[in-house]
Amino acid sequence: MIKKTILALGILCVSPLLLKSQSLSDTINIKEVEVTANILLKKEEAGVTKTTVDTIAMMESQHLSLSELISTHTPIFIKHYGRGSLATASFRGTAPSHTQVQWNGISLNSPMLGMVDFSLIPVWFFDDAQLYHGGGSLHLSSGALGGTIALKGKPMNWNQSFSATALAGLASFHTYDYFTALGFGSKKWQSKTKAFYSSSENDFEYTNKLIRDLDSQTGEETHPTEKNDAPYENYGLLQEFYWRPATDQIIALRGWGQQTIRTIPLLLTDESDRTNQYSSGGFYTTEKFVTKKKNEQINKALRLSAQWKKYGELSQWCLQTGLNHENNDYIAQHTVSGDTTETTLNANSLSSSWYNSLNWKLKLGKTTVLHSGLDYQHHNVHSNDTVSKTGYDKIQSLLSAHAKIAGQITDAATWSLLLREECIDGNWQPFLPYLGLEWQPLKNSNLVIKASAAKNAHYPTLNDLYYLPGGNPDLKIEESITVDGGPAFSWKKNKLHFNCSITGFYSDVKNWIIWLPTYKGYWEPINIEKVVSKGFESNLLAQLKYPEGSITLNLSYAMTHALNYGNPINWADDSYGKQLPYIPVHSGTTGTTICYKNWELNHTFTGYSTRYTTSSNEKETKRDWIYPHLINDISLLYRLKLNTHLVEFRFKVYNLLDENYRNVLQRPMPGRNYCLIVKYNFHK
Amino acid sequence: MKRFYIFLLLCPFILASCMKEMEEDWLKRYAEELKPAPPGGLFITNEGNFMYGNASLSYYNIDSDTVTNDVFYKKNGLPLGDVLQSMVIRDTLAYLVVNNSGKIYVMNTNTFEYVGKITGFTSPRYMHFINERKAYVTDLYAKRIWIVDPLGDYYHTSGVANGCITGYIDVENKESTFYQHPTEQMVQYEDFVFTNCWSFDNKLLVIDTKTDQLVDYITTGKQPSGITIDKYNKIWVICDGGYPDSPYGTEPPKLHRIDAKTRKVEKSWEFDVDQWPSEICTNGTRDTIYWVNQDIYFMAVTEEKPRIIIPGKNTIFYGLAVDPITSEVYVADAIDYIQSGIIYRYSSDFSPVDTFNVGIIPGAFCFKPKQLSSQNTD
């Protein structure tokens, strides 16, 4: 029974992988499994809108960061400040702190900022990314008003004795990437080691049309050609040990260390390092009166986790403890006239978060499952700027308990009810319930209709409460009521497989927290009375198989209205009922893969509609909005397979049509650029 | 089915081809929409959001009560940059100090045409003319006051007026553990320029314009945010007192009256600790001072008790100016700081006259003189 359970779980997890990429070598060697309508009708997570980033996308993005994976393969909006720079996510129109990211159950969100910098998470370190949309995220944790992204390794293959993978990438702008993975072990234990080193001068050239020089004699206008000054270096090591002390138990130890050093480029309009010198003029200013500015960010992270799982005939236990230690430095310096370098900002933020959880699952008869869990988190943070001498030290503890019951109402309907209660620093928080239903209206059909309703809450981050200057200890908790639902349909005939889902959502968020500038000269967080996020998400997967390959089309589209219904500040406030800044109404991606023998051609398209930069959604000037972002990438892969050896050559072209686009005001983005990747894999 | 697939494959390419036009449109000039600015108007500098680069300049025709927003961008197809801090007019040229872009743009005040720039600053704040070929520029982070030649290699044939930095006055305070001195606004008495040091500071620096040297300082309350000088050569300094829990310390905000000649504080007024006074200025005859402290206050320079003249119901006033000719009062409201601000215009007896929308975070005003003069207007 235990073996069957483990096998069933394994099959369930890898079945999409088998469906979409039989030809990939590092999948687990088990028999192909056909997807049937029963898989659509979920029991334990009834009503949850969950999407899994497809395996082809994961393989294609192995050398990239999570920001690139999510932005090009899901409808989640990623706001990135340039290549290699900060990237934050907006899930269903919510704020960056409303998207939780978990790595094997450990939260990666900073307790100080509440958000995750997606550009710092390498895809190489995980094999599976699942998105829990809206209220469904309560199954993992509270606080994710938009949703949760759960990152995991693939299920352990206990039959594998040795595997090795090496990947090297050479890309435009002096970018070099090296990745290795080594796995070995026996049926009792397994070890997986992954490491990467990535560096880039990131010095793409562009004509800066936001600066104009005037020739003093002729009046001729020219725009300077500049190079992006944003080099970065990123390296990390991941070590995982798995041990089966008994056939029904698994102990997993994981450690992830990483360091990133990157230069933050100046805004396009910055001319502090430029002089008015013209070849045609006799201008007498000298280079000595210029200011060289440098902003550098150093991020260090150490994440450790220990997990014990026991599979019983009727019950399962999971005990986990983990540590997330992050040390971030931000340094702003300038040198005037080659004189002494002055440091204007030297901010350090140090956070140590300890996560503990105990989860228990019990089968009650054939149709009902009971699930309960207890979580304890402890955060210790230190924030300090040595120049302004501001900072704070705080400790925060969170205790959370949840219980879930799920089961079948009839053969064609399932339900799940989850209740969560939390206590932060001794203060009880709002009670958080979730109810989900799924229904198969037509017998023997592959159509399922799902619906859910949930209440969620997000506690202000430690910076929201205590940052100096501006922290507001009087902030209220953000609370949301979310309902979502819609049909999911699967169809298969001969060699054509078709899968689609549409989910409508409506989320009412009370006390939304936003940081705004003040007349005091610094920013302060305040609560907006109400924000409504509504719209729908849709996914479509179509796959046509033929003897020597396949064609796969993967489409995702989301329409998101994130509207401010806060009390107007005064009669002139025009933000009421308007879309929140930087949230696109329309976002979508397409991924097309054509496989033929050993060749694979892949095309991805990412599109975001207009984003406003003002709360009143003005279009008075061209800087009040960012025009639609429509980018095409293409790659060609060739596989060379010799017994257990596999070599892959992939050539990628980013921004195929050489578009001149922006993601954030004043931040340059690269034009067409290239990448060559060679990957070697061996396993036995 | 095949046709459907081909259509789907081509869709992204068709959509993407629209982007190039949008990029060009972003930089398009709208010069034809702009009429030349008549004398006697009012410029409003809109800071924009820090790190957004969306600063803008509005022009208000006082006679016709009409406003034209973003005149610099519309005329030149060129964004001003990040945080338009202040503006000063000299003859027909306006000098626009763009704080977080390290530059000063030079613009023709009649046509709004971009005619030059001065670059290389660290974090410029305000500009003050000493004479036609010399001006001071204060700086938040440079620990020096820049000396610039505003006209540089001005060529009458091309009309280009690229200025340049010619030197600097060292104002570093090596004795403080805080980052000092960050210099701000300037007023002049005889050959001496006085500048207030706001962030984590409490000094008024005195600069000798003949030698370009720091010659003296006056200690004020914590964080002097603004200064002005009246007809009796009294310098009025408003201090915000610092923010709660500041490592520099917090104290009740203050208003000082300082004699420019003796450099002594003659009188001080103290505000409640939770208040935040700012934006001090005078009227045209320089016999009355005005400031913002949630409401708008004014006080004759010979009096000692201020009065509320404009209550600030549900409004956080961010900028203030008084027409030097008519003594009409202009007040800026930044609303939520991420949308177009509003300007309220009041008559000299404080009756509402007009309201109009401008750019994001309207912070300062600059009156365009009716007649050209060689005096500063800021």
# chains A, B, ... in the order shown; residues from 1 in each chain; ligands from 1

call {"tool": "residues_around", "arguments": {"residues": "Gly470 of chain A", "least_positions_apart": "5", "cutoff": "10 Å", "atoms": "only C-alpha atoms", "output": "PyMOL selection string"}}
result
(chain A and resi 463-465+515-518+520-526) or (chain B and resi 243-244)

call {"tool": "residues_around", "arguments": {"residues": "segment 74-81 of chain A", "least_positions_apart": "2", "cutoff": "7 Å", "atoms": "only C-alpha atoms", "output": "ChimeraX atom specification"}}
result
/A:67,70-72,85-91,556-558,587-589,663-664,667

call {"tool": "residues_around", "arguments": {"residues": "Asp149 of chain B", "least_positions_apart": "5", "cutoff": "12 Å", "atoms": "only C-alpha atoms", "output": "MDAnalysis selection string"}}
result
(chainID A and resid 283:285) or (chainID B and resid 104 117:119 127:137 154 161:168)

call {"tool": "residues_around", "arguments": {"residues": "segment 67-83 of chain B", "least_positions_apart": "4", "cutoff": "7 Å", "atoms": "only C-alpha atoms", "output": "PyMOL selection string"}}
result
(chain A and resi 210+269) or (chain B and resi 27-31+47-61+98-101+112-114+358-359)

call {"tool": "write_last_selection", "arguments": {"atoms": "C-alpha atoms", "output": "PDB file, in the first residue's frame"}}
result
ATOM      1  CA  LEU A 210      16.312  61.310 -23.228  1.00  0.00           C
ATOM      2  CA  THR A 269      18.341  61.473 -17.781  1.00  0.00           C
TER       3      THR A 269
ATOM      4  CA  LEU B  27       9.671  61.532 -28.175  1.00  0.00           C
ATOM      5  CA  LYS B  28       7.463  63.548 -30.518  1.00  0.00           C
ATOM      6  CA  ARG B  29       7.489  67.316 -30.227  1.00  0.00           C
ATOM      7  CA  TYR B  30       4.219  69.163 -29.891  1.00  0.00           C
ATOM      8  CA  ALA B  31       5.616  72.589 -30.608  1.00  0.00           C
ATOM      9  CA  GLU B  47       9.252  67.713  -9.128  1.00  0.00           C
ATOM     10  CA  GLY B  48       7.805  64.425 -10.325  1.00  0.00           C
ATOM     11  CA  ASN B  49       8.418  61.212  -8.417  1.00  0.00           C
ATOM     12  CA  PHE B  50      11.917  60.437  -7.205  1.00  0.00           C
ATOM     13  CA  MET B  51      13.536  57.865  -9.563  1.00  0.00           C
ATOM     14  CA  TYR B  52      10.654  58.078 -12.070  1.00  0.00           C
ATOM     15  CA  GLY B  53      12.167  60.862 -14.153  1.00  0.00           C
ATOM     16  CA  ASN B  54       8.761  62.451 -14.688  1.00  0.00           C
ATOM     17  CA  ALA B  55       9.474  66.035 -13.670  1.00  0.00           C
ATOM     18  CA  SER B  56       7.672  68.684 -15.711  1.00  0.00           C
ATOM     19  CA  LEU B  57       7.211  72.406 -16.134  1.00  0.00           C
ATOM     20  CA  SER B  58       3.835  74.164 -16.317  1.00  0.00           C
ATOM     21  CA  TYR B  59       3.172  77.699 -17.477  1.00  0.00           C
ATOM     22  CA  TYR B  60       0.219  79.720 -16.185  1.00  0.00           C
ATOM     23  CA  ASN B  61      -0.947  82.798 -18.061  1.00  0.00           C
ATOM     24  CA  VAL B  98      17.045  69.069 -12.068  1.00  0.00           C
ATOM     25  CA  ASN B  99      18.171  67.637  -8.761  1.00  0.00           C
ATOM     26  CA  ASN B 100      18.509  63.898  -9.349  1.00  0.00           C
ATOM     27  CA  SER B 101      19.746  64.283 -12.909  1.00  0.00           C
ATOM     28  CA  PHE B 112      10.131  77.333 -24.022  1.00  0.00           C
ATOM     29  CA  GLU B 113      12.947  76.270 -26.284  1.00  0.00           C
ATOM     30  CA  TYR B 114      15.831  74.283 -24.838  1.00  0.00           C
ATOM     31  CA  VAL B 358      -0.385  71.041 -13.129  1.00  0.00           C
ATOM     32  CA  GLY B 359       2.178  68.191 -13.094  1.00  0.00           C
TER      33      GLY B 359
END

call {"tool": "residues_around", "arguments": {"residues": "Leu580 of chain A", "least_positions_apart": "5", "cutoff": "9 Å", "atoms": "only C-alpha atoms", "output": "list in words"}}
result
Gly93, Thr94, Val531, His561, Ala562, Leu563, Asn564, Ser575, Arg611, Tyr612, Thr613, Thr614, Ser615, Ser616 and Asn617 of chain A

call {"tool": "select_by_dssp", "arguments": {"residues": "segment 72-207 of chain B", "states": "strand (DSSP E)", "output": "PyMOL selection string"}}
result
chain B and resi 84-90+93-98+103-108+114-119+124-131+134-139+144-149+164-170+183-189+192-197+203-207

call {"tool": "atom_distance", "arguments": {"atom1": "atom CA of Asn328 of chain A", "atom2": "atom CA of Gln396 of chain A"}}
result
19.1 Å

call {"tool": "select_by_dssp", "arguments": {"residues": "segment 22-152 of chain B", "states": "alpha helix (DSSP H)", "output": "list in words"}}
result
Met22, Glu23, Glu24, Asp25, Trp26, Val71, Phe72, Tyr73, Lys74, Lys75 and Asn76 of chain B

call {"tool": "residues_around", "arguments": {"residues": "Ser490 of chain A", "least_positions_apart": "3", "cutoff": "7 Å", "atoms": "only C-alpha atoms", "output": "PyMOL selection string"}}
result
chain A and resi 37+446-447+498-500

call {"tool": "residues_around", "arguments": {"residues": "Tyr290 of chain B", "least_positions_apart": "6", "cutoff": "6 Å", "atoms": "only C-alpha atoms", "output": "list in words"}}
result
Ile280, Cys281, Tyr297 and Phe298 of chain B

call {"tool": "atom_distance", "arguments": {"atom1": "atom CA of Gly671 of chain A", "atom2": "atom CA of Asp658 of chain A"}}
result
4.8 Å

call {"tool": "atom_distance", "arguments": {"atom1": "atom CA of Lys495 of chain A", "atom2": "atom CA of Lys597 of chain A"}}
result
16.7 Å

call {"tool": "closest_residue", "arguments": {"among": "B:Pro362, B:Gly40, B:Pro311, B:Pro252", "to": "Gln339 of chain B", "atoms": "only C-alpha atoms"}}
result
B:Pro362

call {"tool": "closest_residue", "arguments": {"among": "B:Ser158, B:Thr111, B:Asn46, B:Thr183", "to": "Ala142 of chain B", "atoms": "only C-alpha atoms"}}
result
B:Thr183
